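Raw upload_11.cif, mmCIF, C-alpha atoms:
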data_coords
#
loop_
_atom_site.label_atom_id
_atom_site.label_comp_id
_atom_site.auth_asym_id
_atom_site.auth_seq_id
_atom_site.Cartn_x
_atom_site.Cartn_y
_atom_site.Cartn_z
CA MET A 1 -26.72 10.01 41.35
CA LYS A 2 -27.97 12.93 39.28
CA LEU A 3 -26.96 16.47 40.19
CA VAL A 4 -28.13 19.87 39.02
CA GLU A 5 -26.26 22.88 40.37
CA GLU A 6 -28.38 26.02 40.09
CA GLU A 7 -25.09 27.90 39.98
CA LYS A 8 -21.55 26.59 40.29
CA ILE A 9 -20.80 25.85 43.94
CA LEU A 10 -17.49 27.16 45.24
CA PRO A 11 -15.69 25.89 48.38
CA ASN A 12 -16.68 27.72 51.56
CA SER A 13 -19.60 29.39 49.76
CA GLY A 14 -23.32 28.84 50.08
CA GLY A 15 -25.51 27.34 47.39
CA THR A 16 -28.18 24.84 46.40
CA ILE A 17 -27.82 21.53 44.57
CA ASN A 18 -30.73 19.49 43.22
CA ILE A 19 -30.00 15.84 43.92
CA VAL A 20 -31.58 12.58 42.74
CA PRO A 21 -30.03 9.61 44.60
CA GLU A 22 -30.15 6.39 42.57
CA GLU A 23 -28.03 3.77 44.37
CA PRO A 24 -27.63 2.63 48.01
CA ASP A 25 -24.11 4.11 47.91
CA ASP A 26 -25.66 7.48 47.07
CA MET A 27 -27.75 7.27 50.23
CA TRP A 28 -24.70 6.59 52.39
CA LEU A 29 -22.84 9.53 50.87
CA LEU A 30 -25.79 11.84 51.50
CA TYR A 31 -26.15 10.64 55.09
CA ASN A 32 -22.54 11.69 55.71
CA LEU A 33 -22.96 14.90 53.71
CA ILE A 34 -26.16 16.33 55.20
CA SER A 35 -25.61 18.22 58.45
CA LYS A 36 -27.73 19.84 61.12
CA GLY A 37 -28.47 23.40 60.07
CA ASP A 38 -28.70 22.52 56.36
CA VAL A 39 -31.94 23.22 54.55
CA ILE A 40 -33.79 20.66 52.45
CA VAL A 41 -36.64 21.28 49.99
CA ALA A 42 -38.59 18.17 49.03
CA ASP A 43 -42.03 16.74 48.33
CA THR A 44 -43.64 15.01 51.29
CA THR A 45 -47.06 14.16 52.73
CA ARG A 46 -48.80 15.56 55.80
CA LYS A 47 -51.83 14.34 57.70
CA THR A 48 -54.57 16.99 57.87
CA ALA A 49 -58.24 17.18 58.80
CA PHE A 50 -58.98 16.39 55.16
CA GLY A 51 -56.68 13.34 55.09
CA ARG A 52 -53.11 13.08 53.83
CA VAL A 53 -52.06 15.75 51.39
CA ARG A 54 -48.96 16.04 49.21
CA LEU A 55 -46.98 19.23 49.50
CA THR A 56 -43.48 20.69 49.18
CA LEU A 57 -41.75 21.77 52.37
CA GLU A 58 -38.56 23.66 53.11
CA ILE A 59 -37.17 22.62 56.47
CA LYS A 60 -34.08 23.48 58.47
CA ILE A 61 -32.60 20.20 59.68
CA THR A 62 -32.29 19.45 63.38
CA ALA A 63 -31.95 15.63 63.26
CA ILE A 64 -30.79 13.00 60.76
CA ASP A 65 -31.35 9.23 60.79
CA TYR A 66 -30.24 6.56 58.31
CA ASP A 67 -32.09 3.27 57.74
CA LYS A 68 -29.48 1.14 55.97
CA VAL A 69 -31.87 -1.80 55.52
CA GLY A 70 -34.51 0.28 53.78
CA SER A 71 -31.91 2.62 52.23
CA VAL A 72 -33.82 5.66 53.48
CA ILE A 73 -32.63 8.87 55.17
CA ARG A 74 -35.02 10.63 57.53
CA VAL A 75 -34.40 14.31 58.22
CA ALA A 76 -36.42 16.25 60.76
CA GLY A 77 -36.60 19.97 61.36
CA ARG A 78 -38.66 23.13 61.42
CA ASN A 79 -40.65 24.27 58.41
CA LEU A 80 -39.35 27.61 57.11
CA VAL A 81 -42.13 28.65 54.73
CA HIS A 82 -45.76 28.88 55.83
CA ASN A 83 -48.43 27.18 53.73
CA GLU A 84 -52.09 26.31 54.26
CA HIS A 85 -51.28 22.94 55.83
CA VAL A 86 -48.05 23.54 57.79
CA ASP A 87 -47.23 26.65 59.77
CA ALA A 88 -43.78 28.17 59.69
CA GLY A 89 -41.82 26.80 62.65
CA ALA A 90 -43.77 23.53 62.82
CA PHE A 91 -41.74 20.32 62.99
CA HIS A 92 -41.85 17.80 60.15
CA THR A 93 -39.90 14.72 59.03
CA ILE A 94 -39.02 14.14 55.39
CA GLU A 95 -37.84 10.80 53.98
CA ILE A 96 -35.11 10.93 51.34
CA GLU A 97 -35.44 7.92 49.05
CA ARG A 98 -33.81 6.67 45.89
CA ASN A 99 -35.09 8.30 42.68
CA LYS A 100 -36.80 11.04 44.70
CA PRO A 101 -35.40 14.51 43.88
CA PHE A 102 -34.73 17.15 46.51
CA ASP A 103 -32.78 20.39 46.97
CA LEU A 104 -29.97 20.62 49.51
CA LYS A 105 -28.88 24.06 50.67
CA LYS A 106 -25.75 24.76 52.70
CA LYS A 107 -24.44 28.04 54.05
CA ALA A 108 -20.92 26.84 53.24
CA TRP A 109 -19.95 23.83 51.11
CA ASP A 110 -16.53 22.43 51.99
CA SER A 111 -14.25 21.33 49.16
CA ASP A 112 -14.26 17.63 50.13
CA ALA A 113 -18.06 17.51 50.06
CA ILE A 114 -18.19 19.18 46.63
CA GLU A 115 -15.53 16.88 45.18
CA GLU A 116 -17.13 13.67 46.46
CA LEU A 117 -20.64 14.68 45.48
CA ARG A 118 -19.53 15.51 41.96
CA SER A 119 -17.53 12.29 41.69
CA TYR A 120 -20.66 10.28 42.53
CA GLY A 121 -22.72 12.41 40.17
CA ASN A 122 -20.31 11.70 37.31
CA ALA A 123 -19.90 8.00 38.07
CA ALA A 124 -22.19 6.93 35.24
CA LYS A 125 -20.05 8.73 32.67
CA ALA A 126 -17.77 5.82 31.96
CA ASP A 127 -16.24 7.54 28.89
CA LEU A 128 -14.42 4.36 27.85
CA ALA A 129 -15.71 0.91 26.88
CA VAL A 130 -13.51 -2.06 26.00
CA LEU A 131 -14.94 -4.96 24.01
CA LEU A 132 -12.59 -7.91 24.49
CA ILE A 133 -13.27 -10.77 22.07
CA GLN A 134 -11.16 -13.74 23.10
CA ASP A 135 -13.03 -16.54 21.34
CA VAL A 136 -11.65 -16.72 17.84
CA SER A 137 -12.99 -20.22 17.22
CA ALA A 138 -16.08 -18.66 15.68
CA THR A 139 -13.94 -17.18 12.94
CA PRO A 140 -13.43 -19.65 10.04
CA SER A 141 -9.85 -20.82 9.62
CA LYS A 142 -8.17 -21.29 6.24
CA THR A 143 -8.26 -25.07 6.66
CA ASN A 144 -12.03 -25.08 7.08
CA LEU A 145 -12.50 -22.78 4.12
CA ASN A 146 -10.56 -25.06 1.85
CA LYS A 147 -12.58 -28.19 2.65
CA ASN A 148 -15.77 -27.51 0.72
CA ARG A 149 -18.49 -24.96 0.10
CA ALA A 150 -20.83 -26.55 2.67
CA ALA A 151 -18.21 -26.32 5.43
CA LYS A 152 -17.60 -22.68 4.48
CA SER A 153 -21.30 -21.86 4.70
CA LYS A 154 -21.67 -23.60 8.07
CA SER A 155 -18.59 -21.86 9.48
CA GLN A 156 -19.74 -18.45 8.22
CA SER A 157 -23.14 -19.01 9.82
CA LYS A 158 -21.47 -19.84 13.12
CA SER A 159 -19.36 -16.70 12.88
CA ASN A 160 -22.39 -14.52 12.16
CA LYS A 161 -24.27 -16.00 15.12
CA PHE A 162 -21.30 -15.27 17.37
CA PHE A 163 -21.13 -11.68 16.15
CA GLU A 164 -24.90 -11.35 16.46
CA ASN A 165 -24.68 -12.25 20.17
CA ILE A 166 -21.89 -9.70 20.70
CA LEU A 167 -23.91 -7.03 18.89
CA THR A 168 -26.86 -7.66 21.21
CA GLU A 169 -24.64 -7.09 24.26
CA PHE A 170 -23.00 -4.07 22.61
CA VAL A 171 -26.36 -2.35 22.08
CA LYS A 172 -27.42 -3.21 25.64
CA HIS A 173 -24.32 -1.88 27.42
CA VAL A 174 -22.77 0.87 25.25
CA ASN A 175 -24.50 4.25 25.48
CA PHE A 176 -22.71 6.90 23.41
CA ASN A 177 -24.27 9.62 25.54
CA PHE A 178 -21.73 8.59 28.16
CA VAL A 179 -19.09 6.62 26.22
CA SER A 180 -16.77 8.60 23.99
CA LEU A 181 -14.54 5.72 22.90
CA VAL A 182 -15.08 1.99 22.28
CA ILE A 183 -12.01 -0.21 21.87
CA ILE A 184 -12.53 -3.55 20.15
CA ALA A 185 -9.62 -5.70 21.33
CA SER A 186 -9.49 -8.93 19.34
CA PRO A 187 -7.53 -10.90 16.75
CA ASN A 188 -10.56 -10.44 14.44
CA GLY A 189 -11.62 -7.00 15.64
CA THR A 190 -11.65 -5.48 12.14
CA GLU A 191 -14.04 -8.18 10.96
CA PHE A 192 -16.40 -7.55 13.88
CA ARG A 193 -16.26 -3.77 13.36
CA GLN A 194 -17.29 -4.28 9.72
CA TYR A 195 -20.14 -6.51 10.87
CA LEU A 196 -21.15 -3.96 13.53
CA LEU A 197 -21.33 -1.08 11.04
CA ALA A 198 -23.13 -3.15 8.39
CA GLU A 199 -25.75 -4.30 10.89
CA SER A 200 -26.18 -0.79 12.30
CA ARG A 201 -27.07 0.38 8.77
CA ARG A 202 -29.36 -2.59 8.13
CA GLN A 203 -31.14 -2.37 11.49
CA LYS A 204 -31.06 1.45 11.51
CA LEU A 205 -29.16 1.57 14.83
CA GLN A 206 -28.74 5.31 14.61
CA GLN A 207 -26.58 5.77 17.71
CA ILE A 208 -23.92 3.40 16.35
CA GLU A 209 -24.06 4.87 12.84
CA GLU A 210 -23.62 8.41 14.14
CA ASN A 211 -20.68 7.44 16.36
CA LYS A 212 -18.83 4.92 14.20
CA GLU A 213 -15.63 7.00 14.35
CA ARG A 214 -15.58 6.38 18.12
CA VAL A 215 -15.27 2.61 17.56
CA VAL A 216 -11.63 1.60 17.05
CA VAL A 217 -9.80 -1.71 16.78
CA VAL A 218 -6.72 -2.88 18.64
CA ASN A 219 -5.32 -6.19 17.42
CA THR A 220 -4.52 -8.67 20.20
CA SER A 221 -3.57 -12.30 20.60
CA GLY A 222 -6.35 -14.86 21.09
CA LYS A 223 -5.77 -15.18 24.84
CA ALA A 224 -5.24 -11.53 25.74
CA THR A 225 -6.60 -10.45 29.12
CA LEU A 226 -8.29 -7.15 29.85
CA LYS A 227 -5.37 -6.22 32.10
CA ALA A 228 -2.90 -6.81 29.25
CA VAL A 229 -5.06 -4.88 26.79
CA LEU A 230 -5.34 -1.85 29.07
CA GLN A 231 -1.55 -1.77 29.46
CA GLU A 232 -0.85 -1.86 25.71
CA PRO A 233 0.98 1.34 24.64
CA GLU A 234 -1.47 1.76 21.75
CA VAL A 235 -4.42 1.61 24.15
CA MET A 236 -2.76 3.96 26.65
CA LYS A 237 -2.43 6.55 23.86
CA LEU A 238 -6.09 6.14 22.91
CA ILE A 239 -7.44 6.52 26.43
CA ARG A 240 -5.22 9.44 27.48
CA GLY A 241 -7.52 12.08 28.95
CA LYS A 242 -10.50 9.72 29.24
CA ASN A 243 -12.27 8.92 32.51
CA GLY A 244 -10.54 5.86 33.93
CA ALA A 245 -7.17 6.58 32.32
CA VAL A 246 -5.75 7.86 35.62
CA GLU A 247 -6.83 4.68 37.40
CA ILE A 248 -5.37 2.44 34.70
CA THR A 249 -2.04 4.28 34.57
CA ALA A 250 -1.76 4.41 38.37
CA TRP A 251 -2.51 0.69 38.67
CA LYS A 252 0.23 -0.12 36.16
CA ASP A 253 2.62 2.06 38.20
CA LEU A 254 1.70 0.20 41.41
CA CYS A 255 2.27 -3.20 39.80
CA ASP A 256 5.63 -2.06 38.44
CA MET A 257 6.58 -0.66 41.85
CA LEU A 258 5.68 -3.84 43.71
CA SER A 259 7.78 -5.85 41.25
CA ASN A 260 10.80 -3.58 40.86
CA ASP A 261 10.96 -1.26 43.90
CA SER A 262 8.88 -2.79 46.69
CA SER A 263 10.15 -0.31 49.31
CA ARG A 264 8.15 2.40 47.46
CA ALA A 265 4.84 0.54 47.72
CA CYS A 266 2.81 -1.28 50.35
CA TYR A 267 -0.49 -3.09 50.78
CA GLY A 268 -2.66 -4.29 53.64
CA SER A 269 -4.57 -2.11 56.09
CA LYS A 270 -1.88 -1.94 58.81
CA SER A 271 0.96 -1.07 56.44
CA VAL A 272 -1.08 1.54 54.61
CA GLU A 273 -2.22 3.15 57.88
CA LYS A 274 1.41 3.32 59.10
CA ALA A 275 2.45 4.93 55.82
CA ASN A 276 -0.34 7.46 56.18
CA GLU A 277 0.78 8.37 59.72
CA LEU A 278 4.20 9.10 58.22
CA MET A 279 2.51 11.21 55.51
CA ALA A 280 4.25 8.99 53.00
CA ILE A 281 1.34 8.13 50.69
CA ASP A 282 1.49 9.54 47.18
CA THR A 283 -1.39 7.44 45.76
CA LEU A 284 -3.88 5.37 47.74
CA PHE A 285 -5.67 2.46 46.07
CA ILE A 286 -8.83 1.21 47.79
CA SER A 287 -11.57 -1.18 46.72
CA ASP A 288 -15.18 -0.04 46.73
CA GLU A 289 -15.97 -2.99 49.01
CA LEU A 290 -13.88 -1.34 51.74
CA TYR A 291 -14.63 2.30 50.95
CA ARG A 292 -18.39 1.70 50.70
CA SER A 293 -18.69 -1.15 53.17
CA ALA A 294 -22.13 -1.87 54.63
CA ASN A 295 -20.42 -1.94 58.05
CA HIS A 296 -20.63 1.61 59.41
CA GLY A 297 -17.46 1.35 61.51
CA SER A 298 -15.39 0.02 58.63
CA ARG A 299 -16.83 2.56 56.24
CA HIS A 300 -16.03 5.50 58.51
CA LYS A 301 -12.52 4.15 59.03
CA TYR A 302 -11.70 4.06 55.32
CA THR A 303 -13.56 7.29 54.55
CA ASP A 304 -11.41 9.03 57.17
CA LEU A 305 -8.29 7.41 55.70
CA VAL A 306 -9.10 8.74 52.22
CA LYS A 307 -9.70 12.24 53.62
CA SER A 308 -6.42 12.10 55.55
CA VAL A 309 -4.43 11.07 52.46
CA LYS A 310 -5.96 13.89 50.41
CA LYS A 311 -5.36 16.41 53.19
CA ALA A 312 -1.67 15.47 53.16
CA GLY A 313 -1.52 16.12 49.41
CA GLY A 314 -1.93 12.55 48.17
CA LYS A 315 -4.37 11.05 45.69
CA ALA A 316 -7.02 8.42 46.47
CA LEU A 317 -8.43 6.10 43.80
CA VAL A 318 -11.43 3.83 44.36
CA TYR A 319 -11.62 0.64 42.25
CA SER A 320 -14.77 -1.35 41.58
CA HIS A 321 -14.62 -5.01 42.63
CA ASN A 322 -16.40 -5.79 39.34
CA HIS A 323 -13.44 -4.47 37.34
CA VAL A 324 -10.33 -6.52 36.56
CA MET A 325 -8.10 -4.07 38.45
CA GLY A 326 -10.49 -4.11 41.40
CA GLU A 327 -10.31 -7.91 41.46
CA GLN A 328 -6.52 -7.75 41.53
CA LEU A 329 -6.61 -5.12 44.28
CA GLY A 330 -8.84 -7.48 46.25
CA GLN A 331 -6.04 -10.03 46.08
CA LEU A 332 -3.86 -7.42 47.81
CA THR A 333 -6.42 -7.17 50.68
CA GLY A 334 -8.33 -4.39 48.93
CA ILE A 335 -5.97 -1.56 49.90
CA ALA A 336 -2.50 -0.51 48.73
CA ALA A 337 -0.37 2.59 48.23
CA ILE A 338 2.48 4.06 46.23
CA LEU A 339 4.80 5.92 48.60
CA ARG A 340 6.51 9.28 48.23
CA PHE A 341 9.77 7.86 49.56
CA PRO A 342 11.17 4.37 50.31
CA LEU A 343 10.10 2.67 53.56
CA PRO A 344 11.89 -0.70 53.43
CA ASP A 345 11.15 -1.53 57.09
CA LEU A 346 7.57 -0.29 57.19
CA ASP A 347 6.04 -3.58 58.41
CA ASP A 348 8.48 -3.67 61.37
CA MET A 349 7.92 -0.09 62.46
CA GLU A 350 6.06 0.69 65.67
CA LEU A 351 4.24 4.00 65.67
#

Would it be possible to restate this file's structure as structure tokens?
Amino acid sequence: MKLVEEEKILPNSGGTINIVPEEPDDMWLLYNLISKGDVIVADTTRKTAFGRVRLTLEIKITAIDYDKVGSVIRVAGRNLVHNEHVDAGAFHTIEIERNKPFDLKKKAWDSDAIEELRSYGNAAKADLAVLLIQDVSATPSKTNLNKNRAAKSKSQSKSNKFFENILTEFVKHVNFNFVSLVIIASPNGTEFRQYLLAESRRQKLQQIEENKERVVVVNTSGKATLKAVLQEPEVMKLIRGKNGAVEITAWKDLCDMLSNDSSRACYGSKSVEKANELMAIDTLFISDELYRSANHGSRHKYTDLVKSVKKAGGKALVYSHNHVMGEQLGQLTGIAAILRFPLPDLDDMEL
């Protein structure tokens, strides 16, 4: 989702935000964000005596409908500004669609709405990229190099082809407009970094050349996992202050708590809900599959839970199921929490 604030919006103050929804999740957020009485300014079409015409309307919303199959929000209301095709006060329905910009005006933006909208708007700014190279077989070993010149040439060619494939994926997925740090985690990371910089000069890959200082190497064993890499002290120092660092550090804390002090952590919907009723949650961990479920009832349930945890002074972190930590959270039913105080008998409590 792209956002443009005409002026910085403050909690409990009025203001306008230009919004361009891009994903189905953006549409769900907006459906829950837009309220009756809000004003929307958007391009639309209107049937006239001369056929359908395109125009921009400003309407005060009286009804909202969400088509989850088509991923479309329909808002209806009275037109506020007279034009040659639509009188002021006339009713009209506008469809909010993905990649279609519109302005949303509220008399008073609440803090939760501002925070969530901005979090969605900043979602694309990953800030950190980790390139984990586990396959070291492409790198010639000393034994191969000592056999003969032909074996050396063949092995070097194989290595270059391997690096060439990685470079293709690197260019495709790493955008330095959003990524401020790239960590190459590999036993032969230095070798690949040298290849990357040499090829960026040869192929005139300007974005890589101009940001080469952002590409760093962390030496790992051949079978290192992404989870292990992210928990390396050297990596934790590098990512401090980056987007995602909070989630990584918190996840490590949860894993440590479950292993060493299980009364200070819980997982599973029932246990987490009990802990929330006791206002015991310090940090809530929830998978995006639960928090952004296609099932409206489930989605409202977990959205309300997140709001409740924040209202009580806790933190709520949403993990993508496509990320290694999100996968591990899924193995814990998709929801877990670090508690403010020990609750050893939480599962047996009746509230």

To one decimal place, how far is atom CA of A:Val69 from atom CA of A:Ile335 in Å?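 Between these atoms lies a distance of 26.5 Å.
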
Could you expand the PyMOL selection byres ((chain A and resi 307-324) around 7) into the explicit residues it covers here, written as a PyMOL selection string? chain A and resi 227+247+276+279+281-289+303-306+325-328

For the structure shown, which residues end up in the PyMOL selection byres ((chain A and resi 98) around 10)? Put them as a list in words, please?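 What the PyMOL selection byres ((chain A and resi 98) around 10) grabs from the file is Met1, Val20, Pro21, Glu22, Glu23, Pro24, Asp26, Met27, Ser71, Val72, Ile73, Glu95, Ile96, Glu97, Asn99, Lys100 and Pro101 of chain A.
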
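Note that the spacing between atom CA of A:Glu115 and atom CA of A:Arg292 amounts to 16.4 Å.
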
Explicit residue set for the PyMOL selection byres ((chain A and resi 34-45) around 10), as number ranges by chain: A: 16-18, 29-33, 46-48, 51-64, 73, 75-80, 92-96, 100-108, 113

What gap, in Å, lies between atom CA of A:Asn12 and atom CA of A:Asp110?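 These two atoms are separated by 5.3 Å.
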
Please identify all polymer residues lying at most 12 Å from the point (-6.1, -0.9, 30.0) (file coordinates), using all atoms listed in the file, and present the result as a PyMOL selection string. chain A and resi 128-132+183+185+218+224-240+242-252+323-325

Shell of 9 Å around A:Val216, all atoms listed in the file, local chain residues under 3 positions omitted, as a PyMOL selection string: chain A and resi 181-185+189-190+193+212-213

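Counting all atoms listed in the file and comparing A:Cys255, A:Leu343, A:Gln134, A:Ser180, the residue that lies closest to A:Arg214 is A:Ser180.
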
From the options A:Trp109, A:Phe50, A:Phe170, A:Phe91, which residue's atoms come nearest to A:Ser200, counting only C-alpha atoms?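 Answer, going by the shortest atom-to-atom distance: A:Phe170.
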
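Proximity of A:Val217, A:Leu10, A:Val81, A:Val272 to A:Thr333, computed with only C-alpha atoms, is greatest for A:Val272.
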
Measuring between all atoms listed in the file, which one of A:Glu164, A:Asp25, A:Glu273, A:Asp253 shows the shortest distance to A:Asp347?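 Result for the nearest residue to A:Asp347: A:Glu273.
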
Residues within 9 Å of (6.2, 0.8, 44.0), file coordinates, counting all atoms listed in the file: what are they? Give the list as a VMD selection string. chain A and resid 253 to 266 337 to 339 342

Can you patch up stretch 170-192 of chain A, filling it in to N, CA, C and O atoms, and show the result as a tab-separated table (two decimals), keeping the file's coordinate frame?
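Once everything was written out, this is selection.tsv:
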chain	number	residue	atom	x	y	z
A	170	PHE	N	-23.54	-5.40	22.91
A	170	PHE	CA	-23.00	-4.07	22.61
A	170	PHE	C	-24.11	-3.02	22.72
A	170	PHE	O	-23.95	-1.99	23.38
A	171	VAL	N	-25.24	-3.29	22.07
A	171	VAL	CA	-26.36	-2.35	22.08
A	171	VAL	C	-26.90	-2.16	23.50
A	171	VAL	O	-27.28	-1.06	23.91
A	172	LYS	N	-26.87	-3.24	24.28
A	172	LYS	CA	-27.42	-3.21	25.64
A	172	LYS	C	-26.55	-2.38	26.57
A	172	LYS	O	-27.05	-1.64	27.43
A	173	HIS	N	-25.22	-2.45	26.42
A	173	HIS	CA	-24.32	-1.88	27.42
A	173	HIS	C	-23.60	-0.59	26.99
A	173	HIS	O	-23.11	0.15	27.86
A	174	VAL	N	-23.52	-0.30	25.71
A	174	VAL	CA	-22.77	0.87	25.25
A	174	VAL	C	-23.74	1.99	24.92
A	174	VAL	O	-24.53	1.90	23.98
A	175	ASN	N	-23.68	3.06	25.70
A	175	ASN	CA	-24.50	4.25	25.48
A	175	ASN	C	-23.57	5.40	25.11
A	175	ASN	O	-22.80	5.88	25.96
A	176	PHE	N	-23.63	5.86	23.87
A	176	PHE	CA	-22.71	6.90	23.41
A	176	PHE	C	-23.00	8.26	24.01
A	176	PHE	O	-22.24	9.21	23.77
A	177	ASN	N	-24.07	8.38	24.79
A	177	ASN	CA	-24.27	9.62	25.54
A	177	ASN	C	-23.24	9.75	26.65
A	177	ASN	O	-22.97	10.85	27.13
A	178	PHE	N	-22.70	8.60	27.08
A	178	PHE	CA	-21.73	8.59	28.16
A	178	PHE	C	-20.35	8.09	27.69
A	178	PHE	O	-19.33	8.45	28.26
A	179	VAL	N	-20.33	7.24	26.68
A	179	VAL	CA	-19.09	6.62	26.22
A	179	VAL	C	-18.56	7.36	25.01
A	179	VAL	O	-19.25	7.48	24.00
A	180	SER	N	-17.34	7.86	25.11
A	180	SER	CA	-16.77	8.60	23.99
A	180	SER	C	-15.82	7.75	23.15
A	180	SER	O	-15.42	8.17	22.07
A	181	LEU	N	-15.46	6.57	23.64
A	181	LEU	CA	-14.54	5.72	22.90
A	181	LEU	C	-14.83	4.25	23.20
A	181	LEU	O	-14.97	3.87	24.37
A	182	VAL	N	-14.94	3.44	22.14
A	182	VAL	CA	-15.08	1.99	22.28
A	182	VAL	C	-13.88	1.34	21.62
A	182	VAL	O	-13.59	1.59	20.45
A	183	ILE	N	-13.17	0.52	22.39
A	183	ILE	CA	-12.01	-0.21	21.87
A	183	ILE	C	-12.41	-1.67	21.67
A	183	ILE	O	-12.81	-2.34	22.61
A	184	ILE	N	-12.32	-2.13	20.43
A	184	ILE	CA	-12.53	-3.55	20.15
A	184	ILE	C	-11.17	-4.22	20.16
A	184	ILE	O	-10.34	-3.98	19.29
A	185	ALA	N	-10.91	-5.03	21.18
A	185	ALA	CA	-9.62	-5.70	21.33
A	185	ALA	C	-9.80	-7.17	20.97
A	185	ALA	O	-10.45	-7.92	21.70
A	186	SER	N	-9.25	-7.56	19.84
A	186	SER	CA	-9.49	-8.93	19.34
A	186	SER	C	-8.57	-9.24	18.17
A	186	SER	O	-8.14	-8.33	17.45
A	187	PRO	N	-8.29	-10.53	17.95
A	187	PRO	CA	-7.53	-10.90	16.75
A	187	PRO	C	-8.36	-10.63	15.48
A	187	PRO	O	-7.80	-10.43	14.41
A	188	ASN	N	-9.70	-10.68	15.61
A	188	ASN	CA	-10.56	-10.44	14.44
A	188	ASN	C	-11.44	-9.22	14.68
A	188	ASN	O	-12.60	-9.19	14.29
A	189	GLY	N	-10.86	-8.20	15.32
A	189	GLY	CA	-11.62	-7.00	15.64
A	189	GLY	C	-12.10	-6.25	14.41
A	189	GLY	O	-13.21	-5.72	14.39
A	190	THR	N	-11.26	-6.19	13.36
A	190	THR	CA	-11.65	-5.48	12.14
A	190	THR	C	-12.88	-6.13	11.51
A	190	THR	O	-13.80	-5.45	11.05
A	191	GLU	N	-12.90	-7.46	11.53
A	191	GLU	CA	-14.04	-8.18	10.96
A	191	GLU	C	-15.32	-7.87	11.74
A	191	GLU	O	-16.38	-7.65	11.15
A	192	PHE	N	-15.20	-7.85	13.09
A	192	PHE	CA	-16.40	-7.55	13.88
A	192	PHE	C	-16.83	-6.11	13.68
A	192	PHE	O	-18.03	-5.82	13.61
